[in-house]
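Quick look at start-v2.cif (mmCIF, N, CA, C and O atoms):
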```cif
data_work
#
loop_
_atom_site.label_atom_id
_atom_site.label_comp_id
_atom_site.auth_asym_id
_atom_site.auth_seq_id
_atom_site.Cartn_x
_atom_site.Cartn_y
_atom_site.Cartn_z
N TYR V 1 3.59 -2.33 -6.95
CA TYR V 1 3.76 -1.13 -7.74
C TYR V 1 5.10 -1.15 -8.43
O TYR V 1 6.12 -1.28 -7.78
N SER V 2 5.11 -0.94 -9.71
CA SER V 2 6.38 -0.81 -10.40
C SER V 2 7.03 0.52 -10.05
O SER V 2 8.23 0.68 -10.16
N GLU V 3 6.24 1.51 -9.62
CA GLU V 3 6.75 2.82 -9.26
C GLU V 3 7.51 2.81 -7.94
O GLU V 3 8.23 3.73 -7.62
N CYS V 4 7.31 1.79 -7.12
CA CYS V 4 7.97 1.70 -5.82
C CYS V 4 9.37 1.13 -5.99
O CYS V 4 9.57 -0.07 -5.97
N ASN V 5 10.32 2.01 -6.20
CA ASN V 5 11.71 1.63 -6.40
C ASN V 5 12.31 1.24 -5.06
O ASN V 5 12.28 2.02 -4.12
N PRO V 6 12.86 0.04 -4.93
CA PRO V 6 13.38 -0.39 -3.63
C PRO V 6 14.54 0.44 -3.13
O PRO V 6 14.94 0.30 -2.00
N THR V 7 15.14 1.32 -3.96
CA THR V 7 16.23 2.17 -3.47
C THR V 7 15.71 3.48 -2.89
O THR V 7 16.47 4.26 -2.37
N SER V 8 14.42 3.72 -2.99
CA SER V 8 13.82 4.95 -2.47
C SER V 8 12.92 4.63 -1.28
O SER V 8 12.37 3.54 -1.19
N LEU V 9 12.76 5.59 -0.39
CA LEU V 9 11.82 5.44 0.71
C LEU V 9 10.50 6.04 0.26
O LEU V 9 10.39 7.24 0.04
N LEU V 10 9.50 5.19 0.04
CA LEU V 10 8.20 5.62 -0.45
C LEU V 10 7.10 5.06 0.43
O LEU V 10 7.25 4.00 1.04
N LEU V 11 5.98 5.76 0.45
CA LEU V 11 4.78 5.27 1.12
C LEU V 11 3.87 4.72 0.03
O LEU V 11 3.26 5.47 -0.72
N CYS V 12 3.83 3.40 -0.11
CA CYS V 12 3.02 2.74 -1.12
C CYS V 12 1.89 1.99 -0.43
O CYS V 12 2.12 1.28 0.54
N GLU V 13 0.68 2.16 -0.93
CA GLU V 13 -0.44 1.49 -0.28
C GLU V 13 -1.51 1.13 -1.28
O GLU V 13 -1.63 1.72 -2.34
N SER V 14 -2.27 0.12 -0.92
CA SER V 14 -3.46 -0.27 -1.66
C SER V 14 -4.61 -0.27 -0.69
O SER V 14 -4.51 -0.81 0.41
N VAL V 15 -5.70 0.36 -1.08
CA VAL V 15 -6.89 0.42 -0.24
C VAL V 15 -7.96 -0.41 -0.93
O VAL V 15 -8.37 -0.09 -2.05
N TYR V 16 -8.37 -1.49 -0.29
CA TYR V 16 -9.39 -2.38 -0.83
C TYR V 16 -10.71 -2.05 -0.15
O TYR V 16 -10.80 -1.99 1.07
N TYR V 17 -11.74 -1.83 -0.95
CA TYR V 17 -13.06 -1.55 -0.41
C TYR V 17 -14.10 -1.99 -1.42
O TYR V 17 -13.91 -1.87 -2.61
N SER V 18 -15.19 -2.54 -0.93
CA SER V 18 -16.27 -3.00 -1.77
C SER V 18 -15.69 -3.88 -2.87
O SER V 18 -15.04 -4.87 -2.59
N ASP V 19 -15.90 -3.54 -4.12
CA ASP V 19 -15.36 -4.30 -5.25
C ASP V 19 -14.24 -3.54 -5.95
O ASP V 19 -13.96 -3.78 -7.12
N ASN V 20 -13.62 -2.59 -5.27
CA ASN V 20 -12.61 -1.75 -5.89
C ASN V 20 -11.29 -1.79 -5.12
O ASN V 20 -11.25 -2.15 -3.96
N VAL V 21 -10.26 -1.35 -5.78
CA VAL V 21 -8.96 -1.17 -5.16
C VAL V 21 -8.36 0.13 -5.69
O VAL V 21 -8.50 0.45 -6.87
N LYS V 22 -7.77 0.92 -4.80
CA LYS V 22 -7.09 2.14 -5.20
C LYS V 22 -5.66 2.09 -4.71
O LYS V 22 -5.39 1.67 -3.59
N GLY V 23 -4.74 2.50 -5.56
CA GLY V 23 -3.33 2.56 -5.21
C GLY V 23 -2.91 3.99 -4.93
O GLY V 23 -3.41 4.92 -5.56
N TYR V 24 -2.02 4.16 -3.98
CA TYR V 24 -1.49 5.47 -3.63
C TYR V 24 0.02 5.36 -3.45
O TYR V 24 0.52 4.39 -2.90
N ILE V 25 0.73 6.36 -3.95
CA ILE V 25 2.16 6.48 -3.73
C ILE V 25 2.42 7.88 -3.19
O ILE V 25 2.06 8.88 -3.83
N ASN V 26 2.99 7.95 -2.00
CA ASN V 26 3.25 9.23 -1.33
C ASN V 26 2.00 10.10 -1.31
O ASN V 26 2.04 11.28 -1.62
N SER V 27 0.89 9.50 -0.97
CA SER V 27 -0.40 10.17 -0.78
C SER V 27 -1.09 10.57 -2.08
O SER V 27 -2.15 11.17 -2.06
N ASN V 28 -0.50 10.24 -3.24
CA ASN V 28 -1.10 10.58 -4.52
C ASN V 28 -1.76 9.34 -5.12
O ASN V 28 -1.13 8.30 -5.27
N GLU V 29 -3.05 9.48 -5.47
CA GLU V 29 -3.77 8.35 -6.06
C GLU V 29 -3.19 8.03 -7.43
O GLU V 29 -2.84 8.90 -8.20
N GLY V 30 -3.12 6.76 -7.72
CA GLY V 30 -2.61 6.31 -9.00
C GLY V 30 -1.83 5.04 -8.79
O GLY V 30 -2.08 4.29 -7.87
N GLY V 31 -0.87 4.81 -9.62
CA GLY V 31 -0.07 3.61 -9.48
C GLY V 31 -0.69 2.45 -10.23
O GLY V 31 -1.82 2.51 -10.69
N ALA V 32 0.04 1.40 -10.33
CA ALA V 32 -0.35 0.25 -11.13
C ALA V 32 -1.54 -0.51 -10.56
O ALA V 32 -2.20 -1.24 -11.27
N ASP V 33 -1.83 -0.34 -9.27
CA ASP V 33 -2.87 -1.16 -8.65
C ASP V 33 -4.26 -0.54 -8.69
O ASP V 33 -5.22 -1.17 -8.28
N THR V 34 -4.40 0.70 -9.17
CA THR V 34 -5.72 1.32 -9.19
C THR V 34 -6.59 0.63 -10.23
O THR V 34 -6.19 0.48 -11.37
N GLY V 35 -7.76 0.18 -9.82
CA GLY V 35 -8.62 -0.53 -10.75
C GLY V 35 -9.98 -0.82 -10.15
O GLY V 35 -10.36 -0.24 -9.16
N ASN V 36 -10.68 -1.75 -10.76
CA ASN V 36 -12.05 -2.04 -10.36
C ASN V 36 -12.26 -3.44 -9.81
O ASN V 36 -13.38 -3.85 -9.61
N ALA V 37 -11.22 -4.21 -9.59
CA ALA V 37 -11.43 -5.58 -9.15
C ALA V 37 -10.59 -5.87 -7.91
O ALA V 37 -9.41 -6.14 -8.01
N ALA V 38 -11.19 -5.75 -6.76
CA ALA V 38 -10.48 -6.08 -5.52
C ALA V 38 -10.38 -7.59 -5.40
O ALA V 38 -11.33 -8.30 -5.69
N PRO V 39 -9.22 -8.09 -4.98
CA PRO V 39 -9.07 -9.53 -4.86
C PRO V 39 -9.81 -10.08 -3.67
O PRO V 39 -10.12 -9.37 -2.73
N SER V 40 -10.06 -11.35 -3.70
CA SER V 40 -10.68 -12.04 -2.58
C SER V 40 -9.56 -12.57 -1.67
O SER V 40 -8.62 -13.18 -2.15
N PHE V 41 -9.65 -12.29 -0.39
CA PHE V 41 -8.63 -12.73 0.54
C PHE V 41 -9.08 -13.99 1.27
O PHE V 41 -9.25 -14.01 2.46
N SER V 42 -9.29 -15.05 0.52
CA SER V 42 -9.74 -16.29 1.13
C SER V 42 -8.57 -17.22 1.44
O SER V 42 -8.75 -18.26 2.05
N GLY V 43 -7.37 -16.84 1.02
CA GLY V 43 -6.22 -17.70 1.24
C GLY V 43 -5.12 -16.98 1.98
O GLY V 43 -5.37 -16.14 2.83
N ILE V 44 -3.90 -17.28 1.62
CA ILE V 44 -2.73 -16.70 2.28
C ILE V 44 -2.39 -15.37 1.64
O ILE V 44 -2.41 -15.22 0.43
N ILE V 45 -2.09 -14.39 2.46
CA ILE V 45 -1.63 -13.09 1.98
C ILE V 45 -0.11 -13.11 2.00
O ILE V 45 0.50 -13.38 3.03
N GLU V 46 0.51 -12.85 0.85
CA GLU V 46 1.96 -12.81 0.76
C GLU V 46 2.41 -11.36 0.63
O GLU V 46 2.06 -10.69 -0.33
N VAL V 47 3.18 -10.90 1.56
CA VAL V 47 3.71 -9.54 1.53
C VAL V 47 4.96 -9.52 0.65
O VAL V 47 5.87 -10.32 0.85
N GLY V 48 4.97 -8.64 -0.34
CA GLY V 48 6.12 -8.51 -1.23
C GLY V 48 6.05 -9.38 -2.47
O GLY V 48 6.97 -9.40 -3.26
N ASN V 49 4.94 -10.07 -2.69
CA ASN V 49 4.77 -10.90 -3.88
C ASN V 49 3.81 -10.20 -4.82
O ASN V 49 2.86 -9.57 -4.39
N THR V 50 4.07 -10.29 -6.11
CA THR V 50 3.23 -9.64 -7.10
C THR V 50 2.17 -10.61 -7.59
O THR V 50 2.40 -11.38 -8.52
N ASN V 51 1.03 -10.61 -6.95
CA ASN V 51 -0.15 -11.36 -7.39
C ASN V 51 0.12 -12.83 -7.67
O ASN V 51 -0.34 -13.39 -8.65
N GLY V 52 0.91 -13.47 -6.82
CA GLY V 52 1.15 -14.90 -6.97
C GLY V 52 2.20 -15.27 -8.00
O GLY V 52 2.46 -16.44 -8.23
N PHE V 53 2.81 -14.30 -8.66
CA PHE V 53 3.85 -14.58 -9.64
C PHE V 53 5.18 -14.76 -8.93
O PHE V 53 5.29 -14.58 -7.72
N SER V 54 6.22 -15.07 -9.67
CA SER V 54 7.52 -15.30 -9.06
C SER V 54 8.34 -14.01 -8.95
O SER V 54 9.56 -14.05 -8.91
N GLU V 55 7.68 -12.86 -8.93
CA GLU V 55 8.36 -11.58 -8.76
C GLU V 55 8.18 -11.15 -7.30
O GLU V 55 7.07 -11.05 -6.81
N TYR V 56 9.29 -10.92 -6.63
CA TYR V 56 9.24 -10.54 -5.23
C TYR V 56 9.91 -9.19 -5.01
O TYR V 56 10.86 -8.84 -5.70
N PHE V 57 9.40 -8.46 -4.03
CA PHE V 57 9.99 -7.18 -3.65
C PHE V 57 11.39 -7.43 -3.11
O PHE V 57 11.59 -8.32 -2.28
N ASP V 58 12.35 -6.66 -3.58
CA ASP V 58 13.73 -6.82 -3.15
C ASP V 58 14.18 -5.52 -2.49
O ASP V 58 14.81 -4.68 -3.10
N GLY V 59 13.81 -5.34 -1.26
CA GLY V 59 14.14 -4.12 -0.54
C GLY V 59 13.73 -4.25 0.90
O GLY V 59 13.45 -5.34 1.39
N LYS V 60 13.68 -3.12 1.59
CA LYS V 60 13.30 -3.11 2.99
C LYS V 60 11.88 -2.59 3.15
O LYS V 60 11.48 -1.64 2.49
N ILE V 61 11.14 -3.22 4.02
CA ILE V 61 9.80 -2.76 4.38
C ILE V 61 9.87 -2.34 5.84
O ILE V 61 10.23 -3.13 6.70
N HIS V 62 9.57 -1.08 6.09
CA HIS V 62 9.68 -0.55 7.46
C HIS V 62 8.41 -0.73 8.27
O HIS V 62 8.46 -0.80 9.48
N GLU V 63 7.28 -0.75 7.60
CA GLU V 63 6.02 -0.83 8.35
C GLU V 63 4.94 -1.39 7.45
O GLU V 63 4.86 -1.07 6.27
N ILE V 64 4.09 -2.24 8.03
CA ILE V 64 2.95 -2.80 7.32
C ILE V 64 1.74 -2.65 8.23
O ILE V 64 1.80 -2.98 9.41
N LEU V 65 0.66 -2.15 7.66
CA LEU V 65 -0.59 -2.02 8.41
C LEU V 65 -1.66 -2.86 7.75
O LEU V 65 -1.87 -2.76 6.54
N PHE V 66 -2.33 -3.68 8.51
CA PHE V 66 -3.52 -4.38 8.07
C PHE V 66 -4.64 -3.91 8.98
O PHE V 66 -4.58 -4.11 10.20
N LEU V 67 -5.62 -3.27 8.42
CA LEU V 67 -6.73 -2.73 9.21
C LEU V 67 -7.98 -3.54 8.93
O LEU V 67 -8.34 -3.76 7.78
N ASN V 68 -8.64 -3.95 9.97
CA ASN V 68 -9.84 -4.77 9.85
C ASN V 68 -11.11 -3.93 9.94
O ASN V 68 -12.14 -4.40 10.39
N SER V 69 -10.99 -2.68 9.55
CA SER V 69 -12.15 -1.78 9.55
C SER V 69 -11.97 -0.76 8.44
O SER V 69 -10.87 -0.57 7.93
N ASP V 70 -13.05 -0.11 8.06
CA ASP V 70 -13.02 0.89 7.00
C ASP V 70 -12.41 2.18 7.55
O ASP V 70 -13.05 2.88 8.33
N GLU V 71 -11.19 2.47 7.16
CA GLU V 71 -10.50 3.67 7.62
C GLU V 71 -10.24 4.65 6.48
O GLU V 71 -9.37 5.50 6.58
N ILE V 72 -11.02 4.55 5.40
CA ILE V 72 -10.80 5.41 4.23
C ILE V 72 -10.91 6.89 4.60
O ILE V 72 -10.19 7.72 4.07
N ASN V 73 -11.78 7.23 5.54
CA ASN V 73 -11.91 8.63 5.95
C ASN V 73 -10.73 9.11 6.78
O ASN V 73 -10.52 10.31 6.92
N ASN V 74 -9.94 8.19 7.30
CA ASN V 74 -8.76 8.53 8.09
C ASN V 74 -7.46 8.31 7.32
O ASN V 74 -6.38 8.45 7.89
N ARG V 75 -7.57 7.98 6.03
CA ARG V 75 -6.39 7.66 5.24
C ARG V 75 -5.35 8.77 5.24
O ARG V 75 -4.16 8.52 5.49
N ALA V 76 -5.77 10.00 5.02
CA ALA V 76 -4.82 11.12 4.97
C ALA V 76 -4.12 11.31 6.31
O ALA V 76 -2.91 11.58 6.36
N LEU V 77 -4.84 11.16 7.41
CA LEU V 77 -4.24 11.28 8.74
C LEU V 77 -3.25 10.15 9.01
O LEU V 77 -2.16 10.39 9.55
N ILE V 78 -3.59 8.94 8.62
CA ILE V 78 -2.69 7.80 8.80
C ILE V 78 -1.43 8.00 7.97
O ILE V 78 -0.31 7.79 8.45
N GLU V 79 -1.58 8.44 6.71
CA GLU V 79 -0.42 8.70 5.84
C GLU V 79 0.46 9.80 6.42
O GLU V 79 1.68 9.69 6.40
N SER V 80 -0.17 10.85 6.92
CA SER V 80 0.57 11.97 7.50
C SER V 80 1.39 11.51 8.70
O SER V 80 2.55 11.89 8.87
N ASN V 81 0.80 10.67 9.53
CA ASN V 81 1.49 10.14 10.70
C ASN V 81 2.70 9.32 10.29
O ASN V 81 3.79 9.46 10.86
N ILE V 82 2.54 8.46 9.29
CA ILE V 82 3.65 7.63 8.80
C ILE V 82 4.72 8.52 8.19
O ILE V 82 5.92 8.35 8.44
N ASN V 83 4.32 9.50 7.38
CA ASN V 83 5.28 10.40 6.75
C ASN V 83 6.05 11.20 7.80
O ASN V 83 7.26 11.37 7.69
N ASN V 84 5.37 11.68 8.82
CA ASN V 84 6.05 12.44 9.87
C ASN V 84 7.09 11.60 10.60
O ASN V 84 8.16 12.09 10.97
N PHE V 85 6.80 10.32 10.80
CA PHE V 85 7.73 9.44 11.50
C PHE V 85 8.95 9.12 10.63
O PHE V 85 10.09 9.15 11.09
N TYR V 86 8.73 8.80 9.34
CA TYR V 86 9.81 8.37 8.45
C TYR V 86 10.36 9.48 7.55
O TYR V 86 11.35 9.25 6.86
N SER V 87 9.73 10.66 7.52
CA SER V 87 10.16 11.77 6.64
C SER V 87 10.29 11.30 5.19
O SER V 87 11.34 11.42 4.56
N ILE V 88 9.20 10.78 4.64
CA ILE V 88 9.21 10.19 3.30
C ILE V 88 9.11 11.22 2.19
O ILE V 88 9.84 11.20 1.22
N TYR V 89 8.15 12.15 2.32
CA TYR V 89 7.95 13.14 1.25
C TYR V 89 7.70 14.50 1.82
O TYR V 89 7.48 14.70 2.98
#
```
Mind turning the file's structure into structure tokens?
Amino acid sequence: YSECNPTSLLLCESVYYSDNVKGYINSNEGGADTGNAAPSFSGIIEVGNTNGFSEYFDGKIHEILFLNSDEINNRALIESNINNFYSIY
């Protein structure tokens, strides 16, 4: 996300499901990643890399979640829990 400024504490996430991807910043849908083409994860996942380009995140990452199940119905609760712990927004 270009909106995720490394000098700010933000909750940035991408939710991949079916053939779609949705981006969220501080629980609000939107962001640069919202679209209709979810990537295939057949290779290596690089945290902090922009789609295989030479642009890397230059900041601190406090928490990363990889869920191996459909938790879209629990997204708001998961975000709330993270926000309560880090006081993001």
Discussion item. To test your reading of the syntax: which residues would the PyMOL selection byres ((chain V and resi 65-79) around 8) return for the file shown? Reply as a list in words.
Written reply: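 Residues picked by the PyMOL selection byres ((chain V and resi 65-79) around 8): Leu11, Ser14, Val15, Tyr16, Tyr17, Asn26, Ser27, His62, Glu63, Ile64, Ser80, Asn81, Ile82, Asn83, Asn84, Phe85, Tyr86 and Ile88 of chain V.
Taking atom CA of Asn28 of chain V as the reference point, atom C of Leu10 of chain V is found at 11.1 Å.
When atom O of Cys12 of chain V is paired with atom O of Gly30 of chain V, their separation reads 9.9 Å.
Around Glu13 of chain V, within 8 Å and counting only C-alpha atoms, the residues found are Gly23, Tyr24 and Ile25 of chain V, once anything fewer than 5 positions away on its own chain is removed.
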Fill in: Two-atom distance - atom CA of Asn20 of chain V, atom C of Ser87 of chain V (Å)
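Between atom CA of Asn20 of chain V and atom C of Ser87 of chain V the gap works out to 28.6 Å.
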Export segment 64-78 of chain V, all heavy atoms, as a short mmCIF file (atom, residue, chain, number, x, y, z; two decimals), in the first residue's frame; it's the structure right above.
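Contents of decode11.cif, as written:
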```
data_model
loop_
_atom_site.label_atom_id
_atom_site.label_comp_id
_atom_site.auth_asym_id
_atom_site.auth_seq_id
_atom_site.Cartn_x
_atom_site.Cartn_y
_atom_site.Cartn_z
N ILE V 64 2.33 -10.00 12.03
CA ILE V 64 1.91 -10.54 10.74
C ILE V 64 1.06 -11.77 11.03
O ILE V 64 1.45 -12.62 11.84
CB ILE V 64 3.11 -10.95 9.86
CG1 ILE V 64 3.96 -9.72 9.53
CG2 ILE V 64 2.64 -11.64 8.59
CD1 ILE V 64 5.24 -10.05 8.81
N LEU V 65 -0.08 -11.84 10.38
CA LEU V 65 -0.96 -13.00 10.52
C LEU V 65 -1.12 -13.67 9.17
O LEU V 65 -1.43 -13.01 8.18
CB LEU V 65 -2.35 -12.59 11.01
CG LEU V 65 -2.46 -11.96 12.38
CD1 LEU V 65 -3.90 -11.53 12.63
CD2 LEU V 65 -2.01 -12.92 13.45
N PHE V 66 -0.90 -14.95 9.12
CA PHE V 66 -1.23 -15.77 7.96
C PHE V 66 -2.26 -16.78 8.44
O PHE V 66 -1.97 -17.59 9.33
CB PHE V 66 0.01 -16.52 7.42
CG PHE V 66 1.03 -15.62 6.81
CD1 PHE V 66 2.13 -15.21 7.55
CD2 PHE V 66 0.91 -15.19 5.50
CE1 PHE V 66 3.09 -14.39 6.99
CE2 PHE V 66 1.86 -14.37 4.93
CZ PHE V 66 2.95 -13.97 5.68
N LEU V 67 -3.44 -16.72 7.89
CA LEU V 67 -4.52 -17.62 8.31
C LEU V 67 -4.79 -18.62 7.21
O LEU V 67 -4.96 -18.25 6.06
CB LEU V 67 -5.77 -16.82 8.65
CG LEU V 67 -5.57 -15.73 9.72
CD1 LEU V 67 -6.81 -14.86 9.83
CD2 LEU V 67 -5.21 -16.35 11.05
N ASN V 68 -4.85 -19.87 7.56
CA ASN V 68 -5.06 -20.93 6.60
C ASN V 68 -6.53 -21.36 6.54
O ASN V 68 -6.84 -22.50 6.26
CB ASN V 68 -4.17 -22.14 6.94
CG ASN V 68 -4.07 -23.11 5.80
OD1 ASN V 68 -4.27 -22.74 4.65
ND2 ASN V 68 -3.76 -24.35 6.10
N SER V 69 -7.40 -20.42 6.86
CA SER V 69 -8.84 -20.69 6.81
C SER V 69 -9.55 -19.39 6.48
O SER V 69 -9.00 -18.30 6.61
CB SER V 69 -9.34 -21.26 8.13
OG SER V 69 -9.12 -20.34 9.19
N ASP V 70 -10.79 -19.50 6.05
CA ASP V 70 -11.59 -18.33 5.68
C ASP V 70 -12.09 -17.66 6.96
O ASP V 70 -12.96 -18.18 7.64
CB ASP V 70 -12.78 -18.76 4.81
CG ASP V 70 -13.61 -17.58 4.36
OD1 ASP V 70 -13.33 -16.44 4.77
OD2 ASP V 70 -14.55 -17.81 3.59
N GLU V 71 -11.51 -16.52 7.28
CA GLU V 71 -11.88 -15.78 8.49
C GLU V 71 -12.52 -14.44 8.15
O GLU V 71 -12.55 -13.54 8.97
CB GLU V 71 -10.64 -15.56 9.37
CG GLU V 71 -10.01 -16.83 9.88
CD GLU V 71 -10.91 -17.60 10.83
OE1 GLU V 71 -11.74 -16.98 11.52
OE2 GLU V 71 -10.79 -18.84 10.86
N ILE V 72 -13.06 -14.31 6.93
CA ILE V 72 -13.64 -13.03 6.51
C ILE V 72 -14.77 -12.59 7.44
O ILE V 72 -14.93 -11.40 7.70
CB ILE V 72 -14.10 -13.07 5.02
CG1 ILE V 72 -14.36 -11.67 4.49
CG2 ILE V 72 -15.31 -13.96 4.83
CD1 ILE V 72 -13.14 -10.84 4.30
N ASN V 73 -15.53 -13.52 7.98
CA ASN V 73 -16.61 -13.16 8.89
C ASN V 73 -16.09 -12.70 10.25
O ASN V 73 -16.83 -12.06 11.01
CB ASN V 73 -17.57 -14.33 9.07
CG ASN V 73 -18.34 -14.64 7.81
OD1 ASN V 73 -18.62 -13.75 7.00
ND2 ASN V 73 -18.67 -15.90 7.62
N ASN V 74 -14.85 -13.00 10.55
CA ASN V 74 -14.23 -12.59 11.82
C ASN V 74 -13.26 -11.42 11.64
O ASN V 74 -12.59 -11.03 12.59
CB ASN V 74 -13.48 -13.77 12.45
CG ASN V 74 -14.41 -14.89 12.81
OD1 ASN V 74 -15.51 -14.67 13.30
ND2 ASN V 74 -13.97 -16.11 12.56
N ARG V 75 -13.20 -10.86 10.43
CA ARG V 75 -12.23 -9.81 10.14
C ARG V 75 -12.34 -8.63 11.08
O ARG V 75 -11.34 -8.17 11.65
CB ARG V 75 -12.36 -9.34 8.69
CG ARG V 75 -11.29 -8.34 8.27
CD ARG V 75 -11.53 -7.81 6.87
NE ARG V 75 -12.81 -7.13 6.73
CZ ARG V 75 -13.05 -5.88 7.15
NH1 ARG V 75 -12.10 -5.20 7.73
NH2 ARG V 75 -14.22 -5.34 6.99
N ALA V 76 -13.55 -8.13 11.31
CA ALA V 76 -13.74 -6.96 12.17
C ALA V 76 -13.29 -7.26 13.60
O ALA V 76 -12.67 -6.41 14.26
CB ALA V 76 -15.19 -6.51 12.15
N LEU V 77 -13.57 -8.45 14.10
CA LEU V 77 -13.15 -8.83 15.44
C LEU V 77 -11.63 -8.95 15.54
O LEU V 77 -11.03 -8.49 16.52
CB LEU V 77 -13.81 -10.15 15.85
CG LEU V 77 -13.56 -10.64 17.26
CD1 LEU V 77 -14.05 -9.63 18.29
CD2 LEU V 77 -14.26 -11.97 17.49
N ILE V 78 -11.00 -9.52 14.53
CA ILE V 78 -9.55 -9.65 14.51
C ILE V 78 -8.91 -8.26 14.47
O ILE V 78 -7.96 -7.97 15.21
CB ILE V 78 -9.08 -10.50 13.31
CG1 ILE V 78 -9.56 -11.96 13.49
CG2 ILE V 78 -7.57 -10.44 13.13
CD1 ILE V 78 -9.41 -12.83 12.26
#
```
